[in-house]
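Comments concern the structure below.
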There are 2 protein chains.
Amino acid sequence: MKNFYQKQHTFCQAVDCVIFGFDNGAIKLLLIHRKLEPYKGKWSVIGGFLQKKETLDNAAIRIVHDLTGLNNVFLEQLHTFSDPNRDPGGRVLSTTYFALLKINEYDKEKTKSKNADWFELNKLPSLIFDHTDMLKCALKHIQQKNRYQPIGFELLPEKFTITQLQKLYESLYGKTFDSANFRKKILSYGLLNRLDEKDKNHSKRGAFYYCSDKKKQIKQTSANLFFHM
Amino acid sequence: MKNFYQKQHTFCQAVDCVIFGFDNGAIKLLLIHRKLEPYKGKWSVIGGFLQKKETLDNAAIRIVHDLTGLNNVFLEQLHTFSDPNRDPGGRVLSTTYFALLKINEYDKEKTKSKNADWFELNKLPSLIFDHTDMLKCALKHIQQKNRYQPIGFELLPEKFTITQLQKLYESLYGKTFDSANFRKKILSYGLLNRLDEKDKNHSKRGAFYYCSDKKKQIKQTSANLFFHM
DNA sequence: ACAAAAGTGTTGTCCATACACCCATGG
DNA sequence: CCATGGGTGTATGGACAACACTTTTGT
């Protein structure tokens, strides 16, 4: 490839993925023990370096796949961190992604072998570099985004009950919701399909399973936004 | 500085700023004629390369200042574009920022000398590389963000009338609003201070000037969001 | 039978919309 | 004196929070 920009300084480019899961009523994050210096052995968000002919998106997909074995994970770019001193090991820019995965589907062998483990949001270990900022950034973004485009489903199994979804929302926003109103509101969006099957694990009566219907898109108007358009 | 990452491939890092202004009832973008190959002479978003010891934020500030002479511009990072073929001149990652500036304050000499000019949103020239994507990304982001955190003021002069603000919103969302309701809604947020002065340019009666009170922050709850928290 | 979760119905309040109406003033 | 944009008041409907209520079924 030609290069018109020979004189420009170049930078290492990392991709860090904040991986969210939902398990047992709590939002969790997947973190790993670093295998590389510096800060070898400390906890960090999962990351890697951008390869020569790769897009950032593809790098994020590769990194998540290498750790979890999953391919169809909800991934979105968040922010690029660039403080010259953010990584004591060298000048590295890092583009952060967040990932939402169904915690019942990932490859436990793989994550185990890479020394990765899940942490609840309020029980996080201390992290290297600016990874705490990345995490705050990711959490805040998900909270915001979920208000106008429900992405919570990505954290639940294919089939889930309304109560499960409510627990997820409650964990995400750190507050409880009235279950009658939650149910009505969520269903009013018309994004869920009720299945015939019931979940009998949590109640005697049983709760219907639902699945998200990806063909259906929420209408902008039905989410109350700053201005009603 | 030490470098633990000698073996990693490195990349040129650009910063591109989508600069918005508001003039004569229309949102406008500041674009420049490229002085460098490739695509010398074509229109593009204003950009530059990240320097060795610079953060992306500082690079964006520098780039906007160099073009407009302004220092206190509202700037926010948007997205990092990374397609290996996005720039035919070499492998360059580009982090996009959007900037909102008060169009009555910028340095016209400077922009003139750099062959920059303002374009209305619906009269844009064709742009190089992925700059059209950057622009779409910026516009969409501002529309979204403005719903829950009003940033429109940043595009208006220090003193402005409610009607001016409404025209800005109408231009931003491409639709008209009922002026009675617009006025009530905007004022209900309590973010504006009414001045004693009136603008007599647009009506005989005159319209009060307002200024945004930066000490006052909108309460999350007062913006109707996806879930009321 | 009853506990406990699932799910429905009802009501008051708030708020966005629509629109009628008054105000001020330059020509 | 009236046209024009600035600004206020009010009626209506829809959405949501609160909460009372019914359904189902395993023990």
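Residue numbers start at 1 in each chain; chains themselves are named A, B, ... in the order of the structure tokens; ligands are numbered from 1 in the order shown.
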If the cut-off is 9 Å, can you tell me the residues of chain B near chain C, counting only C-alpha atoms (C1' of nucleotides)? I'd like them as an MDAnalysis selection string. chainID B and resid 178 181 203:206
Selected residues written out, C-alpha atoms, as a PDB file, in the first residue's frame:
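What landed in out-v8.pdb:
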```pdb
ATOM      1  CA  ASP B 178     -45.992  24.443  18.031  1.00  0.00           C
ATOM      2  CA  ASN B 181     -45.758  24.405  23.530  1.00  0.00           C
ATOM      3  CA  SER B 203     -40.851  41.766  15.317  1.00  0.00           C
ATOM      4  CA  LYS B 204     -42.331  45.060  16.352  1.00  0.00           C
ATOM      5  CA  ARG B 205     -43.172  43.998  19.851  1.00  0.00           C
ATOM      6  CA  GLY B 206     -39.706  42.561  20.417  1.00  0.00           C
TER       7      GLY B 206
END
```
Which residues of chain A come within 9 Å of chain B, and for each one, what is the closest pair of atoms and their distance in Å to one decimal, counting only C-alpha atoms, sorted by chain and residue number, as JSON lines?
```
{"residue": "A:Met1", "atom": "CA", "partner": "B:Gly90", "partner_atom": "CA", "distance": 6.6}
{"residue": "A:Lys2", "atom": "CA", "partner": "B:Gly90", "partner_atom": "CA", "distance": 5.9}
{"residue": "A:Asn3", "atom": "CA", "partner": "B:Gly90", "partner_atom": "CA", "distance": 4.5}
{"residue": "A:Phe4", "atom": "CA", "partner": "B:Gly89", "partner_atom": "CA", "distance": 5.2}
{"residue": "A:Tyr5", "atom": "CA", "partner": "B:Gly90", "partner_atom": "CA", "distance": 6.8}
{"residue": "A:Gln6", "atom": "CA", "partner": "B:Gly90", "partner_atom": "CA", "distance": 8.9}
{"residue": "A:Gln8", "atom": "CA", "partner": "B:Cys12", "partner_atom": "CA", "distance": 6.7}
{"residue": "A:His9", "atom": "CA", "partner": "B:Lys52", "partner_atom": "CA", "distance": 6.2}
{"residue": "A:Thr10", "atom": "CA", "partner": "B:Cys12", "partner_atom": "CA", "distance": 4.6}
{"residue": "A:Phe11", "atom": "CA", "partner": "B:Thr10", "partner_atom": "CA", "distance": 4.9}
{"residue": "A:Cys12", "atom": "CA", "partner": "B:Thr10", "partner_atom": "CA", "distance": 4.6}
{"residue": "A:Gln13", "atom": "CA", "partner": "B:Thr10", "partner_atom": "CA", "distance": 6.7}
{"residue": "A:Leu36", "atom": "CA", "partner": "B:Phe4", "partner_atom": "CA", "distance": 8.9}
{"residue": "A:Glu37", "atom": "CA", "partner": "B:Phe4", "partner_atom": "CA", "distance": 7.2}
{"residue": "A:Pro38", "atom": "CA", "partner": "B:Phe4", "partner_atom": "CA", "distance": 7.5}
{"residue": "A:Phe49", "atom": "CA", "partner": "B:Gln8", "partner_atom": "CA", "distance": 7.3}
{"residue": "A:Leu50", "atom": "CA", "partner": "B:His9", "partner_atom": "CA", "distance": 7.8}
{"residue": "A:Gln51", "atom": "CA", "partner": "B:His9", "partner_atom": "CA", "distance": 6.7}
{"residue": "A:Lys52", "atom": "CA", "partner": "B:His9", "partner_atom": "CA", "distance": 6.2}
{"residue": "A:Lys53", "atom": "CA", "partner": "B:Pro84", "partner_atom": "CA", "distance": 5.8}
{"residue": "A:Glu54", "atom": "CA", "partner": "B:Pro84", "partner_atom": "CA", "distance": 6.6}
{"residue": "A:Thr55", "atom": "CA", "partner": "B:Ser82", "partner_atom": "CA", "distance": 5.1}
{"residue": "A:Leu56", "atom": "CA", "partner": "B:Ser82", "partner_atom": "CA", "distance": 5.9}
{"residue": "A:Asp57", "atom": "CA", "partner": "B:Ser82", "partner_atom": "CA", "distance": 8.3}
{"residue": "A:Gln77", "atom": "CA", "partner": "B:His79", "partner_atom": "CA", "distance": 7.3}
{"residue": "A:Leu78", "atom": "CA", "partner": "B:His79", "partner_atom": "CA", "distance": 7.3}
{"residue": "A:His79", "atom": "CA", "partner": "B:His79", "partner_atom": "CA", "distance": 6.7}
{"residue": "A:Thr80", "atom": "CA", "partner": "B:Thr80", "partner_atom": "CA", "distance": 7.1}
{"residue": "A:Phe81", "atom": "CA", "partner": "B:Leu56", "partner_atom": "CA", "distance": 7.9}
{"residue": "A:Ser82", "atom": "CA", "partner": "B:Thr55", "partner_atom": "CA", "distance": 5.1}
{"residue": "A:Asp83", "atom": "CA", "partner": "B:Thr55", "partner_atom": "CA", "distance": 5.2}
{"residue": "A:Pro84", "atom": "CA", "partner": "B:Lys53", "partner_atom": "CA", "distance": 5.8}
{"residue": "A:Asn85", "atom": "CA", "partner": "B:Lys53", "partner_atom": "CA", "distance": 8.9}
{"residue": "A:Pro88", "atom": "CA", "partner": "B:Lys2", "partner_atom": "CA", "distance": 7.7}
{"residue": "A:Gly89", "atom": "CA", "partner": "B:Phe4", "partner_atom": "CA", "distance": 5.2}
{"residue": "A:Gly90", "atom": "CA", "partner": "B:Asn3", "partner_atom": "CA", "distance": 4.5}
{"residue": "A:Arg91", "atom": "CA", "partner": "B:Asn3", "partner_atom": "CA", "distance": 7.6}
{"residue": "A:Val92", "atom": "CA", "partner": "B:Tyr5", "partner_atom": "CA", "distance": 8.9}
{"residue": "A:Thr95", "atom": "CA", "partner": "B:Thr80", "partner_atom": "CA", "distance": 7.7}
{"residue": "A:Gln144", "atom": "CA", "partner": "B:Phe226", "partner_atom": "CA", "distance": 8.7}
{"residue": "A:Asn146", "atom": "CA", "partner": "B:Phe226", "partner_atom": "CA", "distance": 7.5}
{"residue": "A:Arg147", "atom": "CA", "partner": "B:Phe226", "partner_atom": "CA", "distance": 3.9}
{"residue": "A:Tyr148", "atom": "CA", "partner": "B:Phe226", "partner_atom": "CA", "distance": 5.3}
{"residue": "A:Gln149", "atom": "CA", "partner": "B:Phe226", "partner_atom": "CA", "distance": 8.3}
{"residue": "A:Pro150", "atom": "CA", "partner": "B:Phe226", "partner_atom": "CA", "distance": 8.9}
{"residue": "A:Tyr173", "atom": "CA", "partner": "B:Met229", "partner_atom": "CA", "distance": 8.1}
{"residue": "A:Lys175", "atom": "CA", "partner": "B:Met229", "partner_atom": "CA", "distance": 8.1}
{"residue": "A:Ser222", "atom": "CA", "partner": "B:Phe226", "partner_atom": "CA", "distance": 9.0}
{"residue": "A:Ala223", "atom": "CA", "partner": "B:Phe226", "partner_atom": "CA", "distance": 5.5}
{"residue": "A:Asn224", "atom": "CA", "partner": "B:Leu225", "partner_atom": "CA", "distance": 5.5}
{"residue": "A:Leu225", "atom": "CA", "partner": "B:Leu225", "partner_atom": "CA", "distance": 5.4}
{"residue": "A:Phe226", "atom": "CA", "partner": "B:Arg147", "partner_atom": "CA", "distance": 3.9}
{"residue": "A:Phe227", "atom": "CA", "partner": "B:Arg147", "partner_atom": "CA", "distance": 6.0}
{"residue": "A:Met229", "atom": "CA", "partner": "B:Lys175", "partner_atom": "CA", "distance": 8.3}
```
Could you write those residues out with N, CA and C atoms, as a compact mmCIF listing (two decimals), in the first residue's frame?
```txt
# COMPACT_ATOMS: atom_id res chain seq x y z
N MET A 1 0.85 -1.22 0.00
CA MET A 1 0.00 0.00 0.00
C MET A 1 0.87 1.26 0.00
N LYS A 2 0.47 2.21 -0.80
CA LYS A 2 1.14 3.51 -0.78
C LYS A 2 1.03 4.10 0.61
N ASN A 3 1.91 5.00 0.93
CA ASN A 3 1.74 5.72 2.18
C ASN A 3 2.19 7.15 2.01
N PHE A 4 1.21 8.05 1.97
CA PHE A 4 1.48 9.47 1.82
C PHE A 4 1.87 10.09 3.17
N TYR A 5 1.78 9.32 4.21
CA TYR A 5 1.90 9.91 5.55
C TYR A 5 3.12 9.40 6.29
N GLN A 6 4.20 9.18 5.55
CA GLN A 6 5.43 8.61 6.12
C GLN A 6 5.92 9.37 7.34
N GLN A 8 4.35 10.92 9.60
CA GLN A 8 3.50 10.94 10.79
C GLN A 8 3.94 9.91 11.81
N HIS A 9 3.75 10.27 13.05
CA HIS A 9 4.00 9.33 14.14
C HIS A 9 2.92 8.25 14.10
N THR A 10 3.29 7.05 14.48
CA THR A 10 2.30 5.98 14.51
C THR A 10 2.14 5.44 15.93
N PHE A 11 1.01 4.78 16.16
CA PHE A 11 0.64 4.36 17.51
C PHE A 11 0.20 2.89 17.53
N CYS A 12 0.46 2.24 18.66
CA CYS A 12 -0.17 0.95 18.88
C CYS A 12 -1.65 1.16 19.11
N GLN A 13 -2.44 0.23 18.63
CA GLN A 13 -3.89 0.37 18.76
C GLN A 13 -4.46 -0.89 19.42
N LEU A 36 0.40 -10.70 30.11
CA LEU A 36 1.54 -9.94 29.61
C LEU A 36 1.98 -8.88 30.60
N GLU A 37 3.26 -8.60 30.60
CA GLU A 37 3.74 -7.40 31.29
C GLU A 37 3.27 -6.20 30.50
N PRO A 38 3.10 -5.04 31.06
CA PRO A 38 3.22 -4.80 32.49
C PRO A 38 1.95 -5.20 33.24
N PHE A 49 -4.57 -6.46 20.52
CA PHE A 49 -4.09 -5.43 19.60
C PHE A 49 -4.77 -5.55 18.24
N LEU A 50 -4.99 -4.40 17.66
CA LEU A 50 -5.53 -4.36 16.30
C LEU A 50 -4.49 -4.91 15.34
N GLN A 51 -4.91 -5.80 14.46
CA GLN A 51 -3.98 -6.36 13.49
C GLN A 51 -3.92 -5.50 12.24
N LYS A 52 -2.90 -5.77 11.46
CA LYS A 52 -2.55 -4.91 10.32
C LYS A 52 -3.72 -4.63 9.38
N LYS A 53 -4.47 -5.66 9.04
CA LYS A 53 -5.51 -5.46 8.03
C LYS A 53 -6.91 -5.70 8.58
N GLU A 54 -7.10 -5.30 9.82
CA GLU A 54 -8.34 -5.62 10.52
C GLU A 54 -9.08 -4.32 10.84
N THR A 55 -10.41 -4.39 10.84
CA THR A 55 -11.16 -3.25 11.37
C THR A 55 -11.26 -3.41 12.89
N LEU A 56 -11.61 -2.32 13.56
CA LEU A 56 -11.79 -2.39 15.01
C LEU A 56 -12.93 -3.34 15.35
N ASP A 57 -14.01 -3.25 14.59
CA ASP A 57 -15.14 -4.15 14.83
C ASP A 57 -14.70 -5.61 14.75
N GLN A 77 -19.13 -0.19 19.54
CA GLN A 77 -17.99 0.65 19.90
C GLN A 77 -18.42 1.76 20.83
N LEU A 78 -17.57 2.08 21.79
CA LEU A 78 -17.92 3.07 22.78
C LEU A 78 -17.08 4.34 22.71
N HIS A 79 -15.78 4.18 22.88
CA HIS A 79 -14.94 5.36 23.09
C HIS A 79 -13.49 4.94 22.87
N THR A 80 -12.69 5.89 22.42
CA THR A 80 -11.27 5.62 22.28
C THR A 80 -10.49 6.40 23.33
N PHE A 81 -9.75 5.68 24.13
CA PHE A 81 -8.96 6.30 25.20
C PHE A 81 -7.55 6.55 24.69
N SER A 82 -7.01 7.71 25.04
CA SER A 82 -5.78 8.13 24.37
C SER A 82 -4.76 8.84 25.24
N ASP A 83 -4.96 8.83 26.53
CA ASP A 83 -3.97 9.50 27.38
C ASP A 83 -2.60 8.89 27.13
N PRO A 84 -1.59 9.74 26.85
CA PRO A 84 -0.25 9.21 26.54
C PRO A 84 0.31 8.33 27.65
N ASN A 85 -0.18 8.53 28.87
CA ASN A 85 0.34 7.75 29.99
C ASN A 85 -0.61 6.67 30.47
N PRO A 88 1.51 2.20 30.99
CA PRO A 88 2.92 2.44 31.29
C PRO A 88 3.85 1.62 30.40
N GLY A 89 3.29 0.65 29.69
CA GLY A 89 4.12 -0.20 28.86
C GLY A 89 4.42 0.36 27.49
N GLY A 90 3.82 1.51 27.18
CA GLY A 90 4.06 2.10 25.87
C GLY A 90 2.89 2.98 25.46
N ARG A 91 3.04 3.70 24.38
CA ARG A 91 1.99 4.59 23.90
C ARG A 91 0.98 3.77 23.13
N VAL A 92 -0.15 3.52 23.74
CA VAL A 92 -1.17 2.68 23.12
C VAL A 92 -2.52 3.37 23.20
N THR A 95 -9.45 1.44 21.89
CA THR A 95 -10.86 1.65 21.57
C THR A 95 -11.67 0.63 22.35
N GLN A 144 -28.17 4.30 29.33
CA GLN A 144 -28.77 5.31 28.46
C GLN A 144 -29.42 4.68 27.24
N ASN A 146 -30.40 1.74 26.55
CA ASN A 146 -31.52 0.85 26.80
C ASN A 146 -32.83 1.61 26.99
N ARG A 147 -32.72 2.92 27.25
CA ARG A 147 -33.92 3.72 27.44
C ARG A 147 -34.69 3.91 26.14
N TYR A 148 -33.95 4.04 25.04
CA TYR A 148 -34.68 4.28 23.79
C TYR A 148 -34.56 3.13 22.82
N GLN A 149 -33.65 2.20 23.09
CA GLN A 149 -33.57 1.01 22.25
C GLN A 149 -33.28 -0.19 23.14
N PRO A 150 -34.32 -0.97 23.45
CA PRO A 150 -34.14 -2.04 24.42
C PRO A 150 -33.12 -3.07 23.93
N TYR A 173 -30.48 -0.79 36.58
CA TYR A 173 -30.71 0.58 37.05
C TYR A 173 -30.64 0.71 38.56
N LYS A 175 -32.68 -0.25 40.88
CA LYS A 175 -33.91 0.06 41.58
C LYS A 175 -34.98 -0.95 41.19
N SER A 222 -42.74 5.53 20.30
CA SER A 222 -43.28 4.87 21.47
C SER A 222 -42.34 4.97 22.67
N ALA A 223 -41.09 5.25 22.41
CA ALA A 223 -40.21 5.54 23.53
C ALA A 223 -40.32 7.03 23.82
N ASN A 224 -40.63 7.39 25.02
CA ASN A 224 -40.78 8.82 25.27
C ASN A 224 -39.42 9.45 25.33
N LEU A 225 -39.23 10.34 24.45
CA LEU A 225 -37.93 10.96 24.31
C LEU A 225 -38.04 12.42 24.65
N PHE A 226 -36.93 13.07 24.54
CA PHE A 226 -36.88 14.46 24.98
C PHE A 226 -37.91 15.29 24.22
N PHE A 227 -37.96 15.12 22.93
CA PHE A 227 -39.02 15.73 22.15
C PHE A 227 -39.80 14.65 21.43
N MET A 229 -41.49 13.25 18.53
CA MET A 229 -41.37 13.56 17.10
C MET A 229 -42.49 12.88 16.33
```
Strand (DSSP E) per DSSP on the backbone: members of stretch 57-224 of chain B, as an NGL selection string: :B and (74-81 or 92-100 or 116-120 or 192-199 or 207-212)
Residues just named, written with C-alpha atoms as an mmCIF file, in the first residue's frame:
```cif
data_model
loop_
_atom_site.group_PDB
_atom_site.id
_atom_site.type_symbol
_atom_site.label_atom_id
_atom_site.label_comp_id
_atom_site.auth_asym_id
_atom_site.auth_seq_id
_atom_site.Cartn_x
_atom_site.Cartn_y
_atom_site.Cartn_z
ATOM 1 C CA PHE B 74 -18.347 22.205 22.653
ATOM 2 C CA LEU B 75 -16.472 19.106 21.540
ATOM 3 C CA GLU B 76 -17.265 15.456 22.001
ATOM 4 C CA GLN B 77 -15.775 12.229 20.745
ATOM 5 C CA LEU B 78 -18.040 10.170 18.530
ATOM 6 C CA HIS B 79 -16.567 7.135 16.864
ATOM 7 C CA THR B 80 -13.328 5.712 15.528
ATOM 8 C CA PHE B 81 -13.344 4.636 11.902
ATOM 9 C CA VAL B 92 -5.037 5.546 9.024
ATOM 10 C CA LEU B 93 -7.488 5.234 11.865
ATOM 11 C CA SER B 94 -9.672 8.254 12.362
ATOM 12 C CA THR B 95 -11.421 9.288 15.522
ATOM 13 C CA THR B 96 -14.338 11.586 14.846
ATOM 14 C CA TYR B 97 -15.410 14.469 17.036
ATOM 15 C CA PHE B 98 -18.310 16.783 16.645
ATOM 16 C CA ALA B 99 -18.035 20.453 17.505
ATOM 17 C CA LEU B 100 -20.774 22.975 18.158
ATOM 18 C CA ALA B 116 -12.998 26.382 4.501
ATOM 19 C CA ASP B 117 -16.665 27.118 3.912
ATOM 20 C CA TRP B 118 -20.069 26.517 5.418
ATOM 21 C CA PHE B 119 -22.606 24.173 3.842
ATOM 22 C CA GLU B 120 -26.216 23.581 4.667
ATOM 23 C CA LEU B 192 -32.598 29.614 30.675
ATOM 24 C CA ASN B 193 -32.294 33.035 32.250
ATOM 25 C CA ARG B 194 -34.398 35.817 30.791
ATOM 26 C CA LEU B 195 -32.516 39.051 30.190
ATOM 27 C CA ASP B 196 -34.057 42.509 30.315
ATOM 28 C CA GLU B 197 -33.044 43.202 26.749
ATOM 29 C CA LYS B 198 -35.239 42.570 23.748
ATOM 30 C CA ASP B 199 -34.548 41.629 20.164
ATOM 31 C CA ALA B 207 -38.731 39.220 21.924
ATOM 32 C CA PHE B 208 -36.854 38.805 25.181
ATOM 33 C CA TYR B 209 -33.317 37.555 24.979
ATOM 34 C CA TYR B 210 -32.404 34.538 27.078
ATOM 35 C CA CYS B 211 -29.074 33.045 27.967
ATOM 36 C CA SER B 212 -28.333 29.507 29.046
#
```
The residue from B:Ala26, B:Thr163, B:Tyr189, B:Leu172 with the smallest atom-to-atom distance to D:DG6, counting only C-alpha atoms (C1' of nucleotides), is B:Thr163
Return the neighbours of chain A among the residues of chain D, cut-off 7 Å, counting only C-alpha atoms (C1' of nucleotides), as a count of residues only. 3
Separation of atom CA of A:Ser188 from atom CA of B:Ser188 in Å: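 It comes out at 28.7 Å.
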Just how far from atom CA of A:Leu135 is atom CA of B:Gly152, in Å to one decimal? 28.7 Å
Hey, can you check how far atom CA of A:Ser113 sits from atom CA of A:Asp66? 11.1 Å
Give me every alpha helix (DSSP H) residue in stretch 21-184 of chain B, going by DSSP on the backbone, as a ChimeraX atom specification. /B:56-68,108-113,131-148,162-173,179-184
Under the rule that only C-alpha atoms are counted, which of A:Leu156, A:Ala138, A:Val15, A:Ile32 is the nearest residue to A:Lys110?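 Answer, going by the shortest atom-to-atom distance: A:Ile32.
Among the candidate residues A:Asn24, A:Gln166, A:Ser179, A:Thr132, the one lying nearest to D:DA18 is A:Ser179, with distances computed using only C-alpha atoms (C1' of nucleotides).
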Within 12 Å of B:Asn71, counting only C-alpha atoms (C1' of nucleotides), which residues qualify if same-chain residues fewer than 5 places away don't, as an NGL selection string? :B and (58 or 60-66 or 99-102 or 105-107)
